[in-house]
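So this one's run_37.tsv, TSV, C-alpha atoms and all ligand atoms:
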chain	number	residue	atom	x	y	z
R	41	MET	CA	106.60	111.30	71.99
R	42	THR	CA	110.17	110.47	71.04
R	43	ALA	CA	111.52	109.46	74.45
R	44	VAL	CA	111.72	105.90	75.70
R	45	ARG	CA	109.24	105.52	78.55
R	46	ILE	CA	110.96	103.84	81.50
R	47	ASP	CA	108.59	101.22	82.89
R	48	GLY	CA	109.28	101.47	86.63
R	49	LYS	CA	106.32	99.25	87.44
R	50	ALA	CA	107.70	96.34	85.38
R	51	ILE	CA	111.29	96.85	86.58
R	52	ALA	CA	110.11	96.98	90.21
R	53	ALA	CA	108.10	93.76	89.75
R	54	GLU	CA	111.18	92.08	88.27
R	55	LEU	CA	113.29	93.28	91.20
R	56	ARG	CA	110.76	92.07	93.79
R	57	GLU	CA	110.82	88.64	92.12
R	58	LYS	CA	114.62	88.49	92.34
R	59	ILE	CA	114.48	89.60	95.98
R	60	ALA	CA	111.90	86.91	96.76
R	61	ALA	CA	114.17	84.27	95.20
R	62	GLU	CA	117.21	85.57	97.12
R	63	ALA	CA	115.19	85.60	100.36
R	64	GLN	CA	114.19	81.99	99.82
R	65	THR	CA	117.82	81.05	99.29
R	66	LEU	CA	118.81	82.91	102.48
R	67	ILE	CA	116.05	81.20	104.46
R	68	GLY	CA	117.00	77.78	103.04
R	69	GLU	CA	120.72	78.17	103.65
R	70	THR	CA	120.81	80.02	106.99
R	71	GLY	CA	117.31	79.84	108.49
R	72	VAL	CA	117.30	83.65	108.68
R	73	VAL	CA	113.92	85.06	107.63
R	74	PRO	CA	114.23	88.77	106.72
R	75	GLY	CA	111.92	90.69	109.06
R	76	ILE	CA	110.45	94.16	108.65
R	77	ALA	CA	108.41	96.24	111.09
R	78	VAL	CA	106.39	99.18	109.81
R	79	VAL	CA	105.17	101.71	112.35
R	80	ILE	CA	102.32	104.04	111.48
R	81	VAL	CA	100.91	106.78	113.69
R	82	GLY	CA	97.43	108.17	112.98
R	83	GLU	CA	94.92	107.69	110.21
R	84	ASP	CA	96.36	109.58	107.22
R	85	PRO	CA	94.72	107.78	104.23
R	86	ALA	CA	97.75	108.15	101.89
R	87	SER	CA	100.10	106.80	104.59
R	88	LYS	CA	97.77	103.85	105.19
R	89	VAL	CA	97.84	102.99	101.48
R	90	TYR	CA	101.67	103.12	101.46
R	91	VAL	CA	101.90	100.95	104.58
R	92	ALA	CA	99.48	98.38	103.13
R	93	SER	CA	101.51	98.11	99.92
R	94	LYS	CA	104.73	97.73	101.90
R	95	GLY	CA	103.18	94.87	103.90
R	96	LYS	CA	101.94	93.20	100.70
R	97	ALA	CA	105.37	93.45	99.04
R	98	ALA	CA	107.05	92.03	102.17
R	99	LYS	CA	104.77	89.00	102.15
R	100	GLU	CA	105.41	88.44	98.43
R	101	CYS	CA	109.14	88.49	99.21
R	102	HIS	CA	108.67	85.76	101.91
R	103	PHE	CA	109.62	88.22	104.67
R	104	HIS	CA	108.37	88.20	108.23
R	105	SER	CA	106.34	91.42	108.33
R	106	VAL	CA	104.67	93.20	111.26
R	107	GLU	CA	102.70	96.41	111.37
R	108	HIS	CA	102.29	98.59	114.45
R	109	SER	CA	99.38	101.06	114.12
R	110	LEU	CA	99.35	103.67	116.85
R	111	CYS	CA	96.67	106.31	117.56
R	112	ALA	CA	97.35	109.87	116.41
R	113	ASP	CA	97.51	111.00	120.06
R	114	VAL	CA	100.07	108.40	121.15
R	115	GLY	CA	102.71	109.88	123.46
R	116	GLU	CA	106.26	110.34	122.19
R	117	ALA	CA	107.59	108.17	125.02
R	118	GLU	CA	105.37	105.26	123.98
R	119	LEU	CA	106.55	105.49	120.37
R	120	LEU	CA	110.19	105.67	121.50
R	121	SER	CA	109.77	102.59	123.68
R	122	LEU	CA	108.27	100.68	120.73
R	123	ILE	CA	111.35	101.60	118.65
R	124	GLU	CA	113.61	100.35	121.46
R	125	GLU	CA	111.67	97.09	121.59
R	126	LEU	CA	112.03	96.63	117.81
R	127	ASN	CA	115.73	97.54	118.02
R	128	GLY	CA	116.17	94.60	120.39
R	129	ASP	CA	113.98	92.13	118.47
R	130	ASP	CA	116.19	89.60	116.64
R	131	ALA	CA	113.39	88.67	114.23
R	132	ILE	CA	113.27	92.26	112.93
R	133	HIS	CA	116.02	93.40	110.54
R	134	GLY	CA	114.35	96.54	109.22
R	135	ILE	CA	112.32	99.24	110.99
R	136	LEU	CA	110.37	101.85	109.06
R	137	VAL	CA	108.42	104.67	110.67
R	138	GLN	CA	105.92	106.07	108.19
R	139	LEU	CA	106.23	109.85	107.90
R	140	PRO	CA	104.88	112.39	108.56
R	141	LEU	CA	104.45	112.01	112.32
R	142	PRO	CA	101.96	114.17	114.28
R	143	ASP	CA	103.27	117.58	115.38
R	144	HIS	CA	103.58	116.67	119.07
R	145	ILE	CA	106.23	114.04	118.24
R	146	ASP	CA	109.83	115.04	117.54
R	147	GLU	CA	110.49	113.27	114.24
R	148	SER	CA	114.28	113.40	114.45
R	149	LYS	CA	114.23	111.97	117.99
R	150	VAL	CA	112.31	108.97	116.70
R	151	LEU	CA	114.37	108.43	113.53
R	152	ASN	CA	117.67	108.85	115.41
R	153	LEU	CA	116.69	106.14	117.89
R	154	ILE	CA	116.36	103.47	115.16
R	155	ARG	CA	119.48	101.30	115.12
R	156	PRO	CA	121.45	102.35	112.01
R	157	ASP	CA	121.77	98.73	110.86
R	158	LYS	CA	117.94	98.39	111.00
R	159	ASP	CA	117.30	101.82	109.45
R	160	VAL	CA	115.92	100.58	106.11
R	161	ASP	CA	114.79	104.12	105.20
R	162	GLY	CA	118.39	105.34	105.44
R	163	PHE	CA	117.47	108.50	107.37
R	164	HIS	CA	119.67	107.99	110.46
R	165	PRO	CA	122.60	110.47	110.61
R	166	ILE	CA	125.08	107.54	110.61
R	167	ASN	CA	123.68	106.31	107.29
R	168	VAL	CA	123.52	109.85	105.87
R	169	GLY	CA	127.16	110.31	106.88
R	170	LEU	CA	128.31	107.00	105.39
R	171	LEU	CA	126.61	107.78	102.07
R	172	THR	CA	128.08	111.28	101.82
R	173	ALA	CA	131.51	109.99	102.88
R	174	GLY	CA	131.46	107.63	99.88
R	175	GLU	CA	130.94	104.49	102.00
R	176	ARG	CA	127.76	103.38	100.33
R	177	ASP	CA	128.60	99.72	100.90
R	178	LYS	CA	128.30	100.22	104.68
R	179	ALA	CA	125.25	102.52	104.59
R	180	MET	CA	121.53	101.98	104.25
R	181	VAL	CA	120.62	104.12	101.25
R	182	PRO	CA	117.21	105.88	101.12
R	183	CYS	CA	114.82	103.87	98.95
R	184	THR	CA	113.51	106.50	96.53
R	185	PRO	CA	116.93	107.79	95.39
R	186	ALA	CA	118.32	104.23	95.28
R	187	GLY	CA	115.40	103.14	93.08
R	188	SER	CA	115.79	106.22	90.88
R	189	LEU	CA	119.48	105.42	90.38
R	190	ILE	CA	118.68	101.87	89.27
R	191	LEU	CA	116.21	103.24	86.71
R	192	ALA	CA	118.82	105.74	85.47
R	193	LYS	CA	121.54	103.09	85.09
R	194	ARG	CA	119.21	100.69	83.39
R	195	ALA	CA	118.18	103.40	80.92
R	196	ILE	CA	121.60	104.78	79.94
R	197	GLY	CA	124.25	102.59	81.56
R	198	ASN	CA	127.38	104.39	82.74
R	199	LEU	CA	126.61	107.81	84.25
R	200	SER	CA	130.22	108.95	84.64
R	201	GLY	CA	130.89	112.53	83.52
R	202	LYS	CA	127.23	113.36	82.90
R	203	ASP	CA	125.82	116.72	83.97
R	204	ALA	CA	123.08	115.93	86.50
R	205	VAL	CA	120.62	118.43	87.95
R	206	VAL	CA	118.61	117.39	91.00
R	207	ILE	CA	115.69	119.74	91.65
R	208	GLY	CA	114.81	119.66	95.36
R	209	ARG	CA	117.09	119.48	98.39
R	210	SER	CA	115.10	117.38	100.86
R	211	ASN	CA	116.86	114.92	103.17
R	212	ILE	CA	114.60	112.15	101.88
R	213	VAL	CA	115.13	112.56	98.13
R	214	GLY	CA	117.15	115.51	96.80
R	215	LYS	CA	120.30	115.35	98.97
R	216	PRO	CA	120.79	111.55	98.93
R	217	MET	CA	120.04	111.51	95.17
R	218	ALA	CA	122.79	114.08	94.64
R	219	ALA	CA	125.19	111.99	96.78
R	220	LEU	CA	124.44	108.87	94.73
R	221	LEU	CA	124.95	110.68	91.40
R	222	LEU	CA	128.21	112.14	92.69
R	223	ALA	CA	129.34	108.62	93.65
R	224	GLU	CA	128.61	107.64	90.02
R	225	SER	CA	130.99	110.47	88.96
R	226	CYS	CA	128.33	112.80	87.61
R	227	THR	CA	128.83	116.58	87.82
R	228	VAL	CA	125.96	117.37	90.16
R	229	THR	CA	123.96	120.56	90.64
R	230	ILE	CA	121.31	120.74	93.35
R	231	ALA	CA	118.59	123.25	92.47
R	232	HIS	CA	115.92	124.41	94.92
R	233	SER	CA	113.30	127.04	95.61
R	234	ARG	CA	115.90	129.86	95.65
R	235	THR	CA	117.72	128.79	92.48
R	236	LYS	CA	117.92	131.57	89.88
R	237	ASP	CA	117.01	130.85	86.25
R	238	LEU	CA	115.92	127.27	86.93
R	239	PRO	CA	114.95	126.62	83.27
R	240	ASP	CA	118.51	127.47	82.17
R	241	VAL	CA	120.03	125.29	84.88
R	242	VAL	CA	117.84	122.37	83.78
R	243	ARG	CA	118.66	122.96	80.08
R	244	ARG	CA	122.32	122.09	80.78
R	245	ALA	CA	121.48	118.69	82.24
R	246	ASP	CA	122.08	115.28	80.70
R	247	ILE	CA	120.19	113.87	83.71
R	248	VAL	CA	117.27	115.67	85.37
R	249	VAL	CA	115.86	114.38	88.66
R	250	ALA	CA	112.74	116.26	89.74
R	251	ALA	CA	111.79	116.03	93.43
R	252	VAL	CA	109.83	119.17	94.16
R	253	GLY	CA	106.20	118.32	94.79
R	254	ARG	CA	104.75	120.86	92.31
R	255	PRO	CA	102.51	119.45	89.58
R	256	GLU	CA	104.05	119.66	86.08
R	257	MET	CA	106.32	122.56	87.06
R	258	ILE	CA	109.18	121.43	84.81
R	259	LYS	CA	108.30	122.21	81.22
R	260	GLY	CA	109.22	120.29	78.10
R	261	ASP	CA	111.30	123.11	76.60
R	262	TRP	CA	113.59	123.04	79.70
R	263	ILE	CA	114.72	119.54	78.74
R	264	LYS	CA	117.87	119.11	76.65
R	265	LYS	CA	117.51	116.87	73.57
R	266	GLY	CA	118.19	113.28	74.55
R	267	ALA	CA	118.34	113.93	78.33
R	268	LEU	CA	117.30	111.35	80.92
R	269	VAL	CA	114.38	112.55	83.05
R	270	ILE	CA	113.56	110.91	86.38
R	271	ASP	CA	110.35	112.33	87.83
R	272	VAL	CA	110.08	111.62	91.55
R	273	GLY	CA	107.15	113.97	92.17
R	274	ILE	CA	103.74	112.57	93.07
R	275	ASN	CA	101.01	115.19	92.94
R	276	ARG	CA	97.26	114.70	93.05
R	277	ILE	CA	95.35	117.20	90.89
R	278	PRO	CA	91.67	117.65	90.06
R	279	ALA	CA	90.52	115.68	86.99
R	280	PRO	CA	87.04	117.01	86.13
R	281	GLU	CA	87.30	115.20	82.75
R	282	ARG	CA	86.98	111.94	84.72
R	283	GLY	CA	83.84	113.08	86.50
R	284	GLU	CA	82.91	115.41	89.32
R	285	GLY	CA	85.30	115.37	92.27
R	286	LYS	CA	87.73	112.98	90.53
R	287	THR	CA	91.49	113.39	90.74
R	288	ARG	CA	94.58	112.00	89.03
R	289	LEU	CA	98.30	111.74	89.76
R	290	VAL	CA	100.91	113.74	87.89
R	291	GLY	CA	104.62	114.25	88.38
R	292	ASP	CA	106.71	117.39	88.71
R	293	VAL	CA	107.47	117.23	84.98
R	294	GLU	CA	105.05	118.05	82.17
R	295	PHE	CA	105.25	114.54	80.73
R	296	ASP	CA	103.98	114.94	77.15
R	297	SER	CA	106.09	117.98	76.24
R	298	ALA	CA	109.17	116.67	78.09
R	299	ALA	CA	108.89	113.34	76.25
R	300	GLU	CA	109.31	115.27	72.95
R	301	ASN	CA	112.84	116.27	73.95
R	302	ALA	CA	113.99	113.61	76.44
R	303	GLY	CA	115.82	110.44	75.45
R	304	HIS	CA	114.34	108.50	78.38
R	305	ILE	CA	111.65	109.52	80.87
R	306	THR	CA	109.82	107.99	83.83
R	307	PRO	CA	106.02	108.32	83.93
R	308	VAL	CA	103.88	109.17	86.99
R	309	PRO	CA	102.37	106.91	88.13
R	310	GLY	CA	104.36	103.80	87.20
R	311	GLY	CA	107.89	105.19	87.37
R	312	VAL	CA	109.83	105.84	90.58
R	313	GLY	CA	106.94	105.05	92.97
R	314	PRO	CA	106.99	101.23	92.62
R	315	MET	CA	110.80	101.26	92.81
R	316	THR	CA	110.66	102.86	96.25
R	317	ILE	CA	108.81	99.87	97.69
R	318	ALA	CA	111.05	97.38	95.88
R	319	LEU	CA	114.13	99.10	97.34
R	320	LEU	CA	112.61	98.93	100.82
R	321	MET	CA	112.51	95.16	100.35
R	322	ALA	CA	116.07	95.26	99.01
R	323	ASN	CA	117.26	97.20	102.09
R	324	THR	CA	115.52	94.75	104.43
R	325	LEU	CA	117.18	91.81	102.69
R	326	THR	CA	120.52	93.64	102.89
R	327	ALA	CA	120.03	94.23	106.63
R	328	ALA	CA	119.24	90.51	107.16
R	329	ARG	CA	122.22	89.41	105.03
R	330	ARG	CA	124.62	91.75	106.88
R	331	LYS	CA	123.39	90.39	110.21
R	332	ALA	CA	124.07	86.86	108.90
R	333	GLY	CA	127.60	87.95	107.91
R	334	LEU	CA	126.90	87.82	104.16
R	335	ASP	CA	127.93	90.32	101.47
R	336	ASP	CA	125.51	92.81	99.95
R	337	LEU	CA	123.79	91.94	96.69
R	338	ASP	CA	124.14	94.29	93.72
R	339	TYR	CA	120.47	94.88	92.93
R	340	ALA	CA	121.16	96.76	89.68
R	341	ALA	CA	123.24	93.79	88.50
R	342	LEU	CA	120.57	91.30	89.65
R	343	LEU	CA	118.25	92.91	87.10
R	344	GLY	CA	120.79	92.22	84.37
L	1	LIG	P1	110.03	118.39	100.12
L	1	LIG	O1	108.81	119.27	100.17
L	1	LIG	O2	110.68	117.97	101.36
L	1	LIG	O3	111.14	119.14	99.23
L	1	LIG	C1	110.80	119.82	98.07
L	1	LIG	C2	112.03	120.53	97.53
L	1	LIG	O4	111.65	121.22	96.37
L	1	LIG	C3	112.62	121.55	98.49
L	1	LIG	O5	113.99	121.26	98.68
L	1	LIG	C4	112.45	122.88	97.79
L	1	LIG	O6	113.60	123.71	97.91
L	1	LIG	C5	112.25	122.49	96.36
L	1	LIG	N1	111.37	123.44	95.68
L	1	LIG	C6	110.18	123.88	96.10
L	1	LIG	N2	109.68	124.78	95.21
L	1	LIG	C7	110.59	124.88	94.23
L	1	LIG	C8	110.66	125.66	93.06
L	1	LIG	N3	109.68	126.51	92.70
L	1	LIG	N4	111.75	125.53	92.28
L	1	LIG	C9	112.74	124.68	92.61
L	1	LIG	N5	112.72	123.92	93.72
L	1	LIG	C10	111.66	124.03	94.52
L	1	LIG	O7	109.59	117.16	99.21
L	1	LIG	P2	110.21	115.66	99.07
L	1	LIG	O8	109.86	114.88	100.26
L	1	LIG	O9	111.62	115.72	98.60
L	1	LIG	O10	109.29	115.15	97.87
L	1	LIG	C11	109.31	115.77	96.60
L	1	LIG	C12	108.26	115.12	95.72
L	1	LIG	O11	108.59	113.75	95.57
L	1	LIG	C13	106.84	115.14	96.28
L	1	LIG	O12	105.93	115.24	95.20
L	1	LIG	C14	106.70	113.78	96.92
L	1	LIG	O13	105.35	113.33	96.96
L	1	LIG	C15	107.50	112.94	95.98
L	1	LIG	N6	108.05	111.72	96.56
L	1	LIG	C16	107.89	110.58	95.84
L	1	LIG	C17	108.40	109.40	96.30
L	1	LIG	C18	108.23	108.18	95.46
L	1	LIG	O14	108.31	107.08	95.96
L	1	LIG	N7	108.06	108.34	94.14
L	1	LIG	C19	109.07	109.34	97.53
L	1	LIG	C20	109.26	110.52	98.24
L	1	LIG	C21	108.74	111.72	97.74
Is it possible to express this structure as structure tokens?
Amino acid sequence: MTAVRIDGKAIAAELREKIAAEAQTLIGETGVVPGIAVVIVGEDPASKVYVASKGKAAKECHFHSVEHSLCADVGEAELLSLIEELNGDDAIHGILVQLPLPDHIDESKVLNLIRPDKDVDGFHPINVGLLTAGERDKAMVPCTPAGSLILAKRAIGNLSGKDAVVIGRSNIVGKPMAALLLAESCTVTIAHSRTKDLPDVVRRADIVVAAVGRPEMIKGDWIKKGALVIDVGINRIPAPERGEGKTRLVGDVEFDSAAENAGHITPVPGGVGPMTIALLMANTLTAARRKAGLDDLDYAALLG
């Protein structure tokens, strides 16, 4: 391996510590306690794990944190009225609805009802519009791309003029990631399932962000020498070498071979994943600060 391994776990822990200190200052100076509500519908085990770690991080950051667990067969109207209640609750600055929602619930109806200033996931059309219009300072930016950008800047500093390829065009990761890289003055290509000659497209990139959801699809010989690789993918695959029925997590990038060519690379697990939760805390603190009439903090700068 020649690449520098980007330790997202350590950087996220450092960021959570800074956020906790800033939250304490906010509480001490204004009495405002940042509050987050996480809503989960159904019993999906992976979603439950995510929600538990969000609650734990919120407590560590001295936030007021509430969890609403609803049955899988809850009616859409009941979920919508919970969102309205949280929209009107002054103790709550951030609302997160854990996705996916069951099929009988219209996901966009739910997400669009969240007040944009409490939309700590950054999925509301107002926040999507602000980000793409270059008004990042007024938007709530989706956590995974925002965390990925911090890792990228920490690894290589100024991104201006770099060729960036984002693989995946989802609303949650690919599109907002591309918007953020464009705002950093990268030349951005968004690749997706219909892209022709993907290996050649990736070979041009100084920065590769993989957000596909296909285990180890991106091969080491697609990576330009010295490129920065941010692997957003989280894929569970069988790991018979660990015993019968065991599994392990891998990214969208074939780590060992890519690390031979890359200059910097994020591992899976321990790369982007922990940053997502740290940025959720950052967005909640931002929402609370904005409500108190205070400026946003620069979280990349906080890390030094
Ligand atoms: P998604 O399924 O919504 O989107 C996947 C994208 O990949 C699509 O735009 C599709 O066009 C593209 N794609 C599919 N097959 C392709 C191919 N053969 N070649 C090129 N592009 C292809 O997924 P998502 O929600 O954006 O998530 C992507 C991955 O990131 C998943 O593994 C998910 O688990 C992971 N993820 C991680 C975090 C985190 O915190 N680290 C957060 C969100 C998502």
Review point. Could you list, as a PyMOL selection string, all the residues within 8 Å of ligand LIG 1 (chain L), counting only C-alpha atoms and all ligand atoms?
Key: chain R and resi 183-184+207-214+231-235+238+250-255+257+271-275+291-292+311-317
Point to revise | Who sits within 12 Å of Leu55 (chain R), all atoms listed in the file, same chain under 6 positions skipped, as an NGL selection string | key: :R and (48-49 or 61-62 or 97 or 100-101 or 187 or 190-191 or 314-322 or 337-344)
**Study point:** R:Phe295, R:Ile123, R:Thr326, R:Ser148 ranked by distance to Val181 (chain R), top pick (using all atoms listed in the file)
**Key:**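 For Val181 (chain R), the nearest of the candidates is R:Thr326.
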Exercise for review: Tell me, in Å to one decimal, how far CA of Lys264 (chain R) is from CA of Arg243 (chain R).
Suggested key: 5.2 Å
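From CA of Leu141 (chain R) back to CA of Asp84 (chain R), the distance works out to 9.9 Å.
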Review point. Which of these residues is nearest to Ala173 (chain R), using only C-alpha atoms: R:Asp130, R:Arg155, R:Ser121, R:Leu222?
Key: R:Leu222
Review point. Taking into account only C-alpha atoms, which residue in the set R:Ala204, R:Ile230, R:Met180, R:Ala195 is nearest to Arg45 (chain R)?
Key: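 With only C-alpha atoms as the atom set, the closest residue is R:Ala195.
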Practice item. Between CA of Glu83 (chain R) and CA of Cys111 (chain R), measure the distance and give it in Å to one decimal. Key: 7.7 Å
Exercise for review: With a distance cut-off of 7 Å and all atoms listed in the file, select the neighbouring residues of Gly303 (chain R), excluding the residue or stretch itself and same-chain residues fewer than 6 positions from it, and output the selection as a list in words.
Suggested key: Ala43, Val44, Lys265, Gly266, Ala267 and Leu268 of chain R
Could those selected residues go to a file with C-alpha atoms, as a PDB file, in the coordinates of the input?
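Contents of result.pdb, as written:
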ATOM      1  CA  ALA R  43     111.520 109.460  74.450  1.00  0.00           C
ATOM      2  CA  VAL R  44     111.720 105.900  75.700  1.00  0.00           C
ATOM      3  CA  LYS R 265     117.510 116.870  73.570  1.00  0.00           C
ATOM      4  CA  GLY R 266     118.190 113.280  74.550  1.00  0.00           C
ATOM      5  CA  ALA R 267     118.340 113.930  78.330  1.00  0.00           C
ATOM      6  CA  LEU R 268     117.300 111.350  80.920  1.00  0.00           C
TER       7      LEU R 268
END
Skip Thr227 (chain R) itself and residues of its chain fewer than 3 positions away, then list as a compact mmCIF listing (two decimals) with C-alpha atoms, in the frame of the given file all residues within 12 Å of it, counting only C-alpha atoms.
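Written out: selection.txt:
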# COMPACT_ATOMS: atom_id res chain seq x y z
CA LEU R 199 126.61 107.81 84.25
CA SER R 200 130.22 108.95 84.64
CA GLY R 201 130.89 112.53 83.52
CA LYS R 202 127.23 113.36 82.90
CA ASP R 203 125.82 116.72 83.97
CA ALA R 204 123.08 115.93 86.50
CA VAL R 205 120.62 118.43 87.95
CA VAL R 206 118.61 117.39 91.00
CA ALA R 218 122.79 114.08 94.64
CA ALA R 219 125.19 111.99 96.78
CA LEU R 220 124.44 108.87 94.73
CA LEU R 221 124.95 110.68 91.40
CA LEU R 222 128.21 112.14 92.69
CA ALA R 223 129.34 108.62 93.65
CA GLU R 224 128.61 107.64 90.02
CA ILE R 230 121.31 120.74 93.35
CA ARG R 244 122.32 122.09 80.78
CA ALA R 245 121.48 118.69 82.24
CA ASP R 246 122.08 115.28 80.70
CA ILE R 247 120.19 113.87 83.71
CA VAL R 248 117.27 115.67 85.37
**Study point:** Minimum-distance residue to Ile154 (chain R), chosen among R:Val79, R:Val72, R:Val228, R:Val89 (using all atoms listed in the file)
**Key:**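 Smallest separation from Ile154 (chain R) among the options: R:Val79.
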